[in-house]
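Participant: Below is input38.cif; it holds mmCIF, C-alpha atoms and all ligand atoms.
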data_protein
#
loop_
_atom_site.group_PDB
_atom_site.id
_atom_site.type_symbol
_atom_site.label_atom_id
_atom_site.label_comp_id
_atom_site.auth_asym_id
_atom_site.auth_seq_id
_atom_site.Cartn_x
_atom_site.Cartn_y
_atom_site.Cartn_z
ATOM 1 C CA MET N 1 -33.719 -34.275 -1.156
ATOM 2 C CA LYS N 2 -34.429 -32.447 -4.396
ATOM 3 C CA TYR N 3 -37.275 -30.012 -3.807
ATOM 4 C CA SER N 4 -40.331 -29.678 -5.999
ATOM 5 C CA ASP N 5 -41.426 -26.124 -6.747
ATOM 6 C CA ASN N 6 -43.939 -25.875 -3.937
ATOM 7 C CA SER N 7 -42.111 -27.721 -1.206
ATOM 8 C CA TYR N 8 -38.944 -25.618 -1.252
ATOM 9 C CA TRP N 9 -39.936 -22.327 0.338
ATOM 10 C CA CYS N 10 -41.254 -23.435 3.713
ATOM 11 C CA ASN N 11 -39.052 -26.519 4.000
ATOM 12 C CA ARG N 12 -35.631 -25.109 3.342
ATOM 13 C CA ARG N 13 -33.067 -25.303 6.077
ATOM 14 C CA THR N 14 -29.350 -24.844 6.615
ATOM 15 C CA ILE N 15 -27.313 -28.040 6.340
ATOM 16 C CA ARG N 16 -24.124 -28.281 8.400
ATOM 17 C CA LYS N 17 -23.124 -31.933 7.842
ATOM 18 C CA TYR N 18 -22.090 -33.297 4.445
ATOM 19 C CA SER N 19 -21.554 -36.720 2.888
ATOM 20 C CA ASP N 20 -18.380 -37.749 1.056
ATOM 21 C CA ILE N 21 -20.110 -37.659 -2.319
ATOM 22 C CA GLU N 22 -18.339 -35.239 -4.631
ATOM 23 C CA VAL N 23 -19.930 -31.983 -5.757
ATOM 24 C CA SER N 24 -18.812 -31.973 -9.377
ATOM 25 C CA ASP N 25 -17.252 -28.962 -11.041
ATOM 26 C CA SER N 26 -19.790 -29.167 -13.820
ATOM 27 C CA LEU N 27 -22.739 -28.930 -11.403
ATOM 28 C CA LEU N 28 -21.032 -26.134 -9.477
ATOM 29 C CA ASN N 29 -20.338 -24.186 -12.663
ATOM 30 C CA GLU N 30 -23.899 -24.694 -13.824
ATOM 31 C CA ILE N 31 -25.297 -23.314 -10.542
ATOM 32 C CA ILE N 32 -22.883 -20.374 -10.581
ATOM 33 C CA GLU N 33 -23.831 -19.605 -14.174
ATOM 34 C CA LYS N 34 -27.537 -19.649 -13.279
ATOM 35 C CA ALA N 35 -26.937 -17.507 -10.189
ATOM 36 C CA SER N 36 -25.065 -14.958 -12.292
ATOM 37 C CA HIS N 37 -28.404 -14.022 -13.862
ATOM 38 C CA ALA N 38 -29.431 -12.476 -10.527
ATOM 39 C CA PRO N 39 -30.094 -8.728 -10.588
ATOM 40 C CA THR N 40 -26.912 -6.670 -10.283
ATOM 41 C CA THR N 41 -26.289 -2.923 -10.045
ATOM 42 C CA GLY N 42 -25.998 -1.446 -13.540
ATOM 43 C CA ASN N 43 -25.347 -4.992 -14.763
ATOM 44 C CA MET N 44 -21.783 -4.548 -13.477
ATOM 45 C CA GLN N 45 -21.631 -7.904 -11.588
ATOM 46 C CA LEU N 46 -19.488 -6.563 -8.788
ATOM 47 C CA TYR N 47 -18.635 -9.950 -7.266
ATOM 48 C CA SER N 48 -16.398 -12.965 -7.598
ATOM 49 C CA VAL N 49 -16.522 -16.381 -6.033
ATOM 50 C CA ILE N 50 -13.434 -18.336 -4.983
ATOM 51 C CA VAL N 51 -13.901 -22.118 -5.000
ATOM 52 C CA THR N 52 -11.674 -23.887 -2.467
ATOM 53 C CA ARG N 53 -11.250 -27.643 -2.689
ATOM 54 C CA ASP N 54 -7.518 -27.965 -2.066
ATOM 55 C CA PRO N 55 -7.063 -29.514 1.427
ATOM 56 C CA GLU N 56 -4.132 -27.216 2.241
ATOM 57 C CA THR N 57 -6.060 -24.070 1.415
ATOM 58 C CA LEU N 58 -9.115 -25.411 3.233
ATOM 59 C CA ALA N 59 -6.950 -26.045 6.285
ATOM 60 C CA ALA N 60 -5.680 -22.462 6.108
ATOM 61 C CA LEU N 61 -9.242 -21.148 5.966
ATOM 62 C CA TYR N 62 -10.646 -23.209 8.854
ATOM 63 C CA PRO N 63 -9.153 -21.126 11.693
ATOM 64 C CA ALA N 64 -10.583 -17.988 10.078
ATOM 65 C CA HIS N 65 -13.957 -19.691 10.413
ATOM 66 C CA PHE N 66 -13.170 -20.617 14.036
ATOM 67 C CA ASN N 67 -12.928 -24.289 12.998
ATOM 68 C CA GLN N 68 -16.700 -24.570 12.874
ATOM 69 C CA PRO N 69 -17.743 -28.140 12.018
ATOM 70 C CA ALA N 70 -19.905 -26.730 9.210
ATOM 71 C CA ALA N 71 -16.640 -25.536 7.625
ATOM 72 C CA THR N 72 -14.242 -28.350 8.514
ATOM 73 C CA GLY N 73 -16.709 -31.051 7.449
ATOM 74 C CA ALA N 74 -17.448 -29.627 4.015
ATOM 75 C CA PRO N 75 -15.829 -30.898 0.807
ATOM 76 C CA LEU N 76 -15.516 -27.346 -0.447
ATOM 77 C CA LEU N 77 -15.910 -23.747 0.610
ATOM 78 C CA LEU N 78 -17.070 -20.914 -1.586
ATOM 79 C CA THR N 79 -15.957 -17.415 -0.686
ATOM 80 C CA PHE N 80 -18.138 -14.753 -2.277
ATOM 81 C CA CYS N 81 -16.327 -11.440 -2.577
ATOM 82 C CA ALA N 82 -17.396 -7.895 -3.294
ATOM 83 C CA ASP N 83 -15.221 -7.197 -6.335
ATOM 84 C CA PHE N 84 -14.593 -3.803 -7.905
ATOM 85 C CA ASN N 85 -11.142 -4.921 -9.062
ATOM 86 C CA ARG N 86 -12.273 -6.451 -12.348
ATOM 87 C CA PHE N 87 -14.530 -3.540 -13.281
ATOM 88 C CA CYS N 88 -11.862 -0.924 -12.431
ATOM 89 C CA HIS N 89 -9.354 -2.906 -14.500
ATOM 90 C CA TRP N 90 -11.740 -2.762 -17.457
ATOM 91 C CA CYS N 91 -12.094 0.999 -16.934
ATOM 92 C CA ASP N 92 -8.283 1.340 -16.791
ATOM 93 C CA ILE N 93 -7.801 -0.349 -20.165
ATOM 94 C CA SER N 94 -10.720 1.614 -21.642
ATOM 95 C CA ASP N 95 -9.511 5.146 -20.914
ATOM 96 C CA ALA N 96 -12.286 5.514 -18.298
ATOM 97 C CA ASP N 97 -11.463 7.455 -15.117
ATOM 98 C CA HIS N 98 -13.199 5.536 -12.317
ATOM 99 C CA GLY N 99 -14.160 6.764 -8.874
ATOM 100 C CA TYR N 100 -14.935 3.498 -7.144
ATOM 101 C CA ASN N 101 -12.517 3.597 -4.223
ATOM 102 C CA ASN N 102 -15.098 4.776 -1.711
ATOM 103 C CA PHE N 103 -17.712 3.591 0.758
ATOM 104 C CA GLN N 104 -20.677 4.030 -1.606
ATOM 105 C CA SER N 105 -19.012 1.796 -4.204
ATOM 106 C CA PHE N 106 -18.084 -0.724 -1.513
ATOM 107 C CA MET N 107 -21.730 -0.957 -0.440
ATOM 108 C CA THR N 108 -22.843 -1.340 -4.066
ATOM 109 C CA ALA N 109 -20.489 -4.285 -4.496
ATOM 110 C CA VAL N 110 -21.589 -5.793 -1.156
ATOM 111 C CA ILE N 111 -25.253 -5.653 -2.178
ATOM 112 C CA ASP N 112 -24.465 -7.281 -5.540
ATOM 113 C CA THR N 113 -22.469 -9.975 -3.765
ATOM 114 C CA VAL N 114 -25.153 -10.816 -1.226
ATOM 115 C CA ILE N 115 -27.832 -11.054 -3.905
ATOM 116 C CA PHE N 116 -25.596 -13.293 -6.028
ATOM 117 C CA THR N 117 -24.728 -15.481 -3.040
ATOM 118 C CA GLN N 118 -28.326 -16.022 -2.016
ATOM 119 C CA GLN N 119 -29.323 -16.737 -5.609
ATOM 120 C CA PHE N 120 -26.574 -19.360 -5.671
ATOM 121 C CA VAL N 121 -27.799 -20.874 -2.394
ATOM 122 C CA THR N 122 -31.410 -21.034 -3.573
ATOM 123 C CA ILE N 123 -30.461 -22.781 -6.807
ATOM 124 C CA ALA N 124 -28.028 -25.163 -5.048
ATOM 125 C CA GLU N 125 -30.585 -26.087 -2.387
ATOM 126 C CA ARG N 126 -33.223 -26.736 -5.006
ATOM 127 C CA GLU N 127 -30.752 -29.139 -6.654
ATOM 128 C CA GLY N 128 -30.677 -31.014 -3.342
ATOM 129 C CA LEU N 129 -27.318 -29.669 -2.122
ATOM 130 C CA GLY N 130 -26.911 -28.534 1.476
ATOM 131 C CA CYS N 131 -25.448 -25.110 2.270
ATOM 132 C CA CYS N 132 -24.393 -23.159 5.328
ATOM 133 C CA TYR N 133 -23.413 -19.493 5.447
ATOM 134 C CA LEU N 134 -20.323 -18.835 7.553
ATOM 135 C CA GLY N 135 -20.730 -15.402 9.112
ATOM 136 C CA THR N 136 -17.131 -15.650 10.293
ATOM 137 C CA THR N 137 -16.091 -14.297 6.875
ATOM 138 C CA THR N 138 -16.517 -10.686 7.957
ATOM 139 C CA TYR N 139 -14.879 -11.419 11.324
ATOM 140 C CA ASN N 140 -11.639 -12.634 9.845
ATOM 141 C CA ALA N 141 -11.577 -11.010 6.414
ATOM 142 C CA PRO N 142 -7.830 -10.124 6.530
ATOM 143 C CA THR N 143 -6.790 -13.768 7.050
ATOM 144 C CA ILE N 144 -9.190 -14.979 4.373
ATOM 145 C CA ALA N 145 -7.975 -12.312 1.940
ATOM 146 C CA GLU N 146 -4.339 -13.278 2.540
ATOM 147 C CA THR N 147 -5.054 -16.996 2.107
ATOM 148 C CA LEU N 148 -7.010 -16.456 -1.113
ATOM 149 C CA GLN N 149 -4.650 -13.724 -2.360
ATOM 150 C CA LEU N 150 -7.434 -11.226 -2.828
ATOM 151 C CA PRO N 151 -6.175 -8.059 -4.511
ATOM 152 C CA GLU N 152 -7.256 -4.498 -3.680
ATOM 153 C CA ARG N 153 -10.991 -3.813 -3.982
ATOM 154 C CA VAL N 154 -11.841 -7.495 -3.464
ATOM 155 C CA ILE N 155 -13.407 -8.023 -0.040
ATOM 156 C CA PRO N 156 -14.706 -11.375 1.247
ATOM 157 C CA ILE N 157 -18.337 -10.996 2.287
ATOM 158 C CA CYS N 158 -20.011 -14.426 2.471
ATOM 159 C CA THR N 159 -18.656 -17.940 2.704
ATOM 160 C CA ILE N 160 -20.831 -20.936 1.931
ATOM 161 C CA SER N 161 -19.925 -24.453 2.948
ATOM 162 C CA ILE N 162 -21.629 -26.824 0.570
ATOM 163 C CA GLY N 163 -22.027 -30.529 -0.025
ATOM 164 C CA TRP N 164 -24.539 -33.308 -0.379
ATOM 165 C CA PRO N 165 -26.450 -33.446 2.915
ATOM 166 C CA ALA N 166 -25.476 -36.116 5.459
ATOM 167 C CA ASN N 167 -28.577 -35.358 7.482
ATOM 168 C CA GLU N 168 -31.895 -33.661 6.982
ATOM 169 C CA GLY N 169 -31.186 -30.630 9.136
ATOM 170 C CA ALA N 170 -34.024 -29.036 11.040
ATOM 171 C CA ILE N 171 -36.527 -26.404 10.052
ATOM 172 C CA SER N 172 -35.982 -23.270 12.142
ATOM 173 C CA ASP N 173 -38.644 -21.058 13.607
ATOM 174 C CA ARG N 174 -39.366 -17.639 12.129
ATOM 175 C CA LEU N 175 -41.011 -14.539 13.530
ATOM 176 C CA PRO N 176 -44.671 -14.130 12.586
ATOM 177 C CA VAL N 177 -44.935 -12.239 9.354
ATOM 178 C CA SER N 178 -46.782 -9.437 11.198
ATOM 179 C CA ALA N 179 -43.492 -8.665 12.938
ATOM 180 C CA ILE N 180 -41.754 -7.859 9.696
ATOM 181 C CA ILE N 181 -44.473 -6.217 7.579
ATOM 182 C CA HIS N 182 -45.227 -2.529 7.976
ATOM 183 C CA GLN N 183 -48.033 -1.063 5.915
ATOM 184 C CA GLU N 184 -47.180 2.295 4.363
ATOM 185 C CA LYS N 185 -45.071 3.557 7.277
ATOM 186 C CA TYR N 186 -42.926 1.946 9.947
ATOM 187 C CA HIS N 187 -45.040 0.956 12.921
ATOM 188 C CA SER N 188 -43.087 0.963 16.192
ATOM 189 C CA SER N 189 -44.322 -1.975 18.220
ATOM 190 C CA THR N 190 -45.357 -1.840 21.853
ATOM 191 C CA ASP N 191 -43.534 -3.880 24.492
ATOM 192 C CA SER N 192 -46.293 -6.453 24.525
ATOM 193 C CA GLU N 193 -46.334 -6.738 20.721
ATOM 194 C CA VAL N 194 -42.565 -7.327 20.705
ATOM 195 C CA ALA N 195 -42.886 -9.869 23.528
ATOM 196 C CA GLN N 196 -45.549 -11.601 21.455
ATOM 197 C CA PHE N 197 -43.311 -11.694 18.349
ATOM 198 C CA TYR N 198 -40.567 -13.514 20.252
ATOM 199 C CA ALA N 199 -42.846 -15.665 22.445
ATOM 200 C CA TYR N 200 -42.752 -18.726 20.193
ATOM 201 C CA LYS N 201 -38.946 -18.654 19.882
ATOM 202 C CA GLU N 202 -38.691 -18.320 23.668
ATOM 203 C CA SER N 203 -41.057 -21.232 24.195
ATOM 204 C CA LEU N 204 -38.926 -23.723 22.238
ATOM 205 C CA PRO N 205 -37.199 -26.399 24.334
ATOM 206 C CA GLU N 206 -33.833 -25.581 22.734
ATOM 207 C CA SER N 207 -34.188 -21.988 23.925
ATOM 208 C CA ALA N 208 -34.584 -23.170 27.513
ATOM 209 C CA GLY N 209 -31.489 -25.323 26.904
ATOM 210 C CA PHE N 210 -29.424 -22.334 25.664
ATOM 211 C CA ILE N 211 -30.501 -20.255 28.676
ATOM 212 C CA ALA N 212 -29.624 -23.007 31.169
ATOM 213 C CA GLU N 213 -26.312 -23.951 29.497
ATOM 214 C CA ASN N 214 -25.142 -20.355 29.554
ATOM 215 C CA GLY N 215 -26.462 -19.484 32.994
ATOM 216 C CA LYS N 216 -28.613 -16.647 31.629
ATOM 217 C CA LYS N 217 -32.028 -15.343 32.606
ATOM 218 C CA THR N 218 -33.475 -14.681 29.146
ATOM 219 C CA LEU N 219 -32.970 -15.878 25.596
ATOM 220 C CA ALA N 220 -32.094 -12.335 24.520
ATOM 221 C CA GLN N 221 -29.171 -12.438 26.967
ATOM 222 C CA VAL N 222 -27.828 -15.505 25.160
ATOM 223 C CA PHE N 223 -27.553 -13.279 22.076
ATOM 224 C CA THR N 224 -26.236 -10.136 23.786
ATOM 225 C CA ASP N 225 -23.841 -11.767 26.262
ATOM 226 C CA ILE N 226 -22.716 -14.910 24.466
ATOM 227 C CA ARG N 227 -23.425 -15.324 20.777
ATOM 228 C CA TYR N 228 -23.069 -11.775 19.497
ATOM 229 C CA ASN N 229 -21.559 -9.910 22.404
ATOM 230 C CA ARG N 230 -20.380 -6.305 22.521
ATOM 231 C CA THR N 231 -16.676 -7.111 23.027
ATOM 232 C CA ASN N 232 -16.523 -9.309 19.944
ATOM 233 C CA ASN N 233 -18.658 -6.952 17.877
ATOM 234 C CA GLU N 234 -16.383 -4.027 18.679
ATOM 235 C CA HIS N 235 -13.178 -6.003 18.148
ATOM 236 C CA PHE N 236 -14.236 -7.472 14.802
ATOM 237 C CA SER N 237 -15.736 -4.158 13.664
ATOM 238 C CA ARG N 238 -12.326 -2.515 14.029
ATOM 239 C CA LEU N 239 -10.584 -5.393 12.237
ATOM 240 C CA PHE N 240 -13.034 -5.360 9.308
ATOM 241 C CA TYR N 241 -13.241 -1.571 9.123
ATOM 242 C CA ASP N 242 -9.433 -1.228 8.967
ATOM 243 C CA PHE N 243 -9.211 -3.986 6.373
ATOM 244 C CA ILE N 244 -11.810 -2.411 4.061
ATOM 245 C CA ASP N 245 -10.224 1.006 4.549
ATOM 246 C CA SER N 246 -6.770 -0.289 3.558
ATOM 247 C CA HIS N 247 -7.884 -2.698 0.847
ATOM 248 C CA GLY N 248 -9.116 -0.279 -1.787
ATOM 249 C CA PHE N 249 -12.135 1.371 -0.206
ATOM 250 C CA PRO N 250 -10.835 4.133 2.082
ATOM 251 C CA PHE N 251 -13.567 5.500 4.317
ATOM 252 C CA PRO N 252 -14.183 9.240 4.178
ATOM 253 C CA LYS N 253 -12.019 10.970 6.808
ATOM 254 C CA LYS N 254 -13.826 13.704 8.749
HETATM 255 C C1 LIG L 1 -25.022 -14.034 7.058
HETATM 256 C C2 LIG L 1 -25.224 -15.364 7.732
HETATM 257 C C3 LIG L 1 -24.227 -15.880 8.538
HETATM 258 C C4 LIG L 1 -24.378 -17.131 9.109
HETATM 259 N N1 LIG L 1 -23.330 -17.666 9.818
HETATM 260 C C5 LIG L 1 -23.420 -18.928 10.279
HETATM 261 C C6 LIG L 1 -22.301 -19.526 10.900
HETATM 262 O O1 LIG L 1 -21.223 -18.917 11.023
HETATM 263 N N2 LIG L 1 -22.418 -20.801 11.328
HETATM 264 C C7 LIG L 1 -23.572 -21.510 11.189
HETATM 265 O O2 LIG L 1 -23.596 -22.680 11.591
HETATM 266 N N3 LIG L 1 -24.655 -20.970 10.588
HETATM 267 C C8 LIG L 1 -24.601 -19.700 10.124
HETATM 268 N N4 LIG L 1 -25.667 -19.145 9.469
HETATM 269 C C9 LIG L 1 -26.915 -19.918 9.300
HETATM 270 C C10 LIG L 1 -27.981 -19.429 10.268
HETATM 271 O O3 LIG L 1 -27.651 -19.841 11.572
HETATM 272 C C11 LIG L 1 -29.344 -19.973 9.825
HETATM 273 O O4 LIG L 1 -29.657 -19.503 8.530
HETATM 274 C C12 LIG L 1 -30.445 -19.588 10.805
HETATM 275 O O5 LIG L 1 -30.224 -20.139 12.066
HETATM 276 C C13 LIG L 1 -31.808 -20.013 10.294
HETATM 277 O O6 LIG L 1 -31.809 -21.402 10.035
HETATM 278 P P1 LIG L 1 -32.215 -21.989 8.601
HETATM 279 O O7 LIG L 1 -31.292 -21.403 7.572
HETATM 280 O O8 LIG L 1 -32.040 -23.468 8.739
HETATM 281 O O9 LIG L 1 -33.630 -21.587 8.352
HETATM 282 C C14 LIG L 1 -25.568 -17.881 8.929
HETATM 283 C C15 LIG L 1 -26.583 -17.336 8.123
HETATM 284 C C16 LIG L 1 -26.406 -16.105 7.524
HETATM 285 C C17 LIG L 1 -27.485 -15.565 6.621
#
Let me see whether you can do it: turn the structure in this file into structure tokens.
Facilitator:
Amino acid sequence: MKYSDNSYWCNRRTIRKYSDIEVSDSLLNEIIEKASHAPTTGNMQLYSVIVTRDPETLAALYPAHFNQPAATGAPLLLTFCADFNRFCHWCDISDADHGYNNFQSFMTAVIDTVIFTQQFVTIAEREGLGCCYLGTTTYNAPTIAETLQLPERVIPICTISIGWPANEGAISDRLPVSAIIHQEKYHSSTDSEVAQFYAYKESLPESAGFIAENGKKTLAQVFTDIRYNRTNNEHFSRLFYDFIDSHGFPFPKK
């Protein structure tokens, strides 16, 4: 479905199943070119995107994305990387002494990359393409970097699986806007306000399903104990932290 201007915003949804119809290089390039007009720090464009169509490379990437069907069923994967390599290279050949091998610069490139990625997704979805972010990118960055031969100061941040939708997907719930807006200063919510914010999500039949399937008492426990649990968070934090630290952005040592 190609969206009209007004129907896009409240109807968009992640698509995880794709048809066999090809996503042409010319359309992909056109979307990437449009997305590259997104705001970027100092107009430095501190990002790159690796397009993977080759079945062998795709097969090497799948395990890094835990073989999620949204990855294995896509005709191509796009890996969006925070990239200070190109800019530093330009500085090197321009007699400019750069100081970009640090955490601040890493964050600058990450912000640029995320903005660029989401701009890409918005444009692609409005063209009728289906997209799914793969959060596994920051879990298994070392494997992805090795597969895609990412040099120093190029860190994978977001992966998008993309294709022409094979189904319509479903519109997901969102918190009421009052949960996310704070006028002038941050307003810390009361217990009952927070309970209210999450009440609709908790009332959905699929939430009851998740709770029952996982033998949990609350929906929040499905997040804390199963989906995004402490053990995994700590394990993948160490892996990602060490990778960033050794891949061109050493963290300050105390
Ligand atoms: C950073 C990020 C990582 C995500 N990772 C995954 C993922 O690994 N697998 C997946 O199926 N969906 C993933 N998603 C999609 C979210 O699950 C989805 O956006 C969310 O449930 C809301 O649904 P909607 O996009 O259809 O509104 C991710 C989204 C973001 C922004």
Participant: Taking only C-alpha atoms and all ligand atoms into account, report as number ranges by chain which residues have an atom no farther than 12 Å from an atom of ligand LIG 1 (chain L).
Facilitator: N: 8-17, 62, 64-74, 80, 113-115, 117-118, 121-122, 125, 130-140, 157-162, 168-175, 201, 227-228
Participant: Smallest atom-to-atom distance to N:Leu46: which of N:Ala220, N:Cys81, N:Ile31, N:Val194, using only C-alpha atoms?
Facilitator: N:Cys81
Participant: Enumerate, as an MDAnalysis selection string, the residues matched when the PyMOL selection byres (((chain N and resi 58) around 10) and not hetatm) is run on the file above.
Facilitator: chainID N and resid 52:57 59:63 71:72 74:77 147
Participant: Taking 3 positions as the minimum chain separation for residues in the same chain, which residues sit within 12 Å of N:Lys253 when counting all atoms listed in the file? Answer as an MDAnalysis selection string.
Facilitator: chainID N and resid 102:103 245 249:250
Participant: For the structure provided, state which residues fall under the PyMOL selection byres (((chain N and resi 198) around 12) and not hetatm), and present them as a PyMOL selection string.
Facilitator: chain N and resi 173-179+191-197+199-204+207+218-220
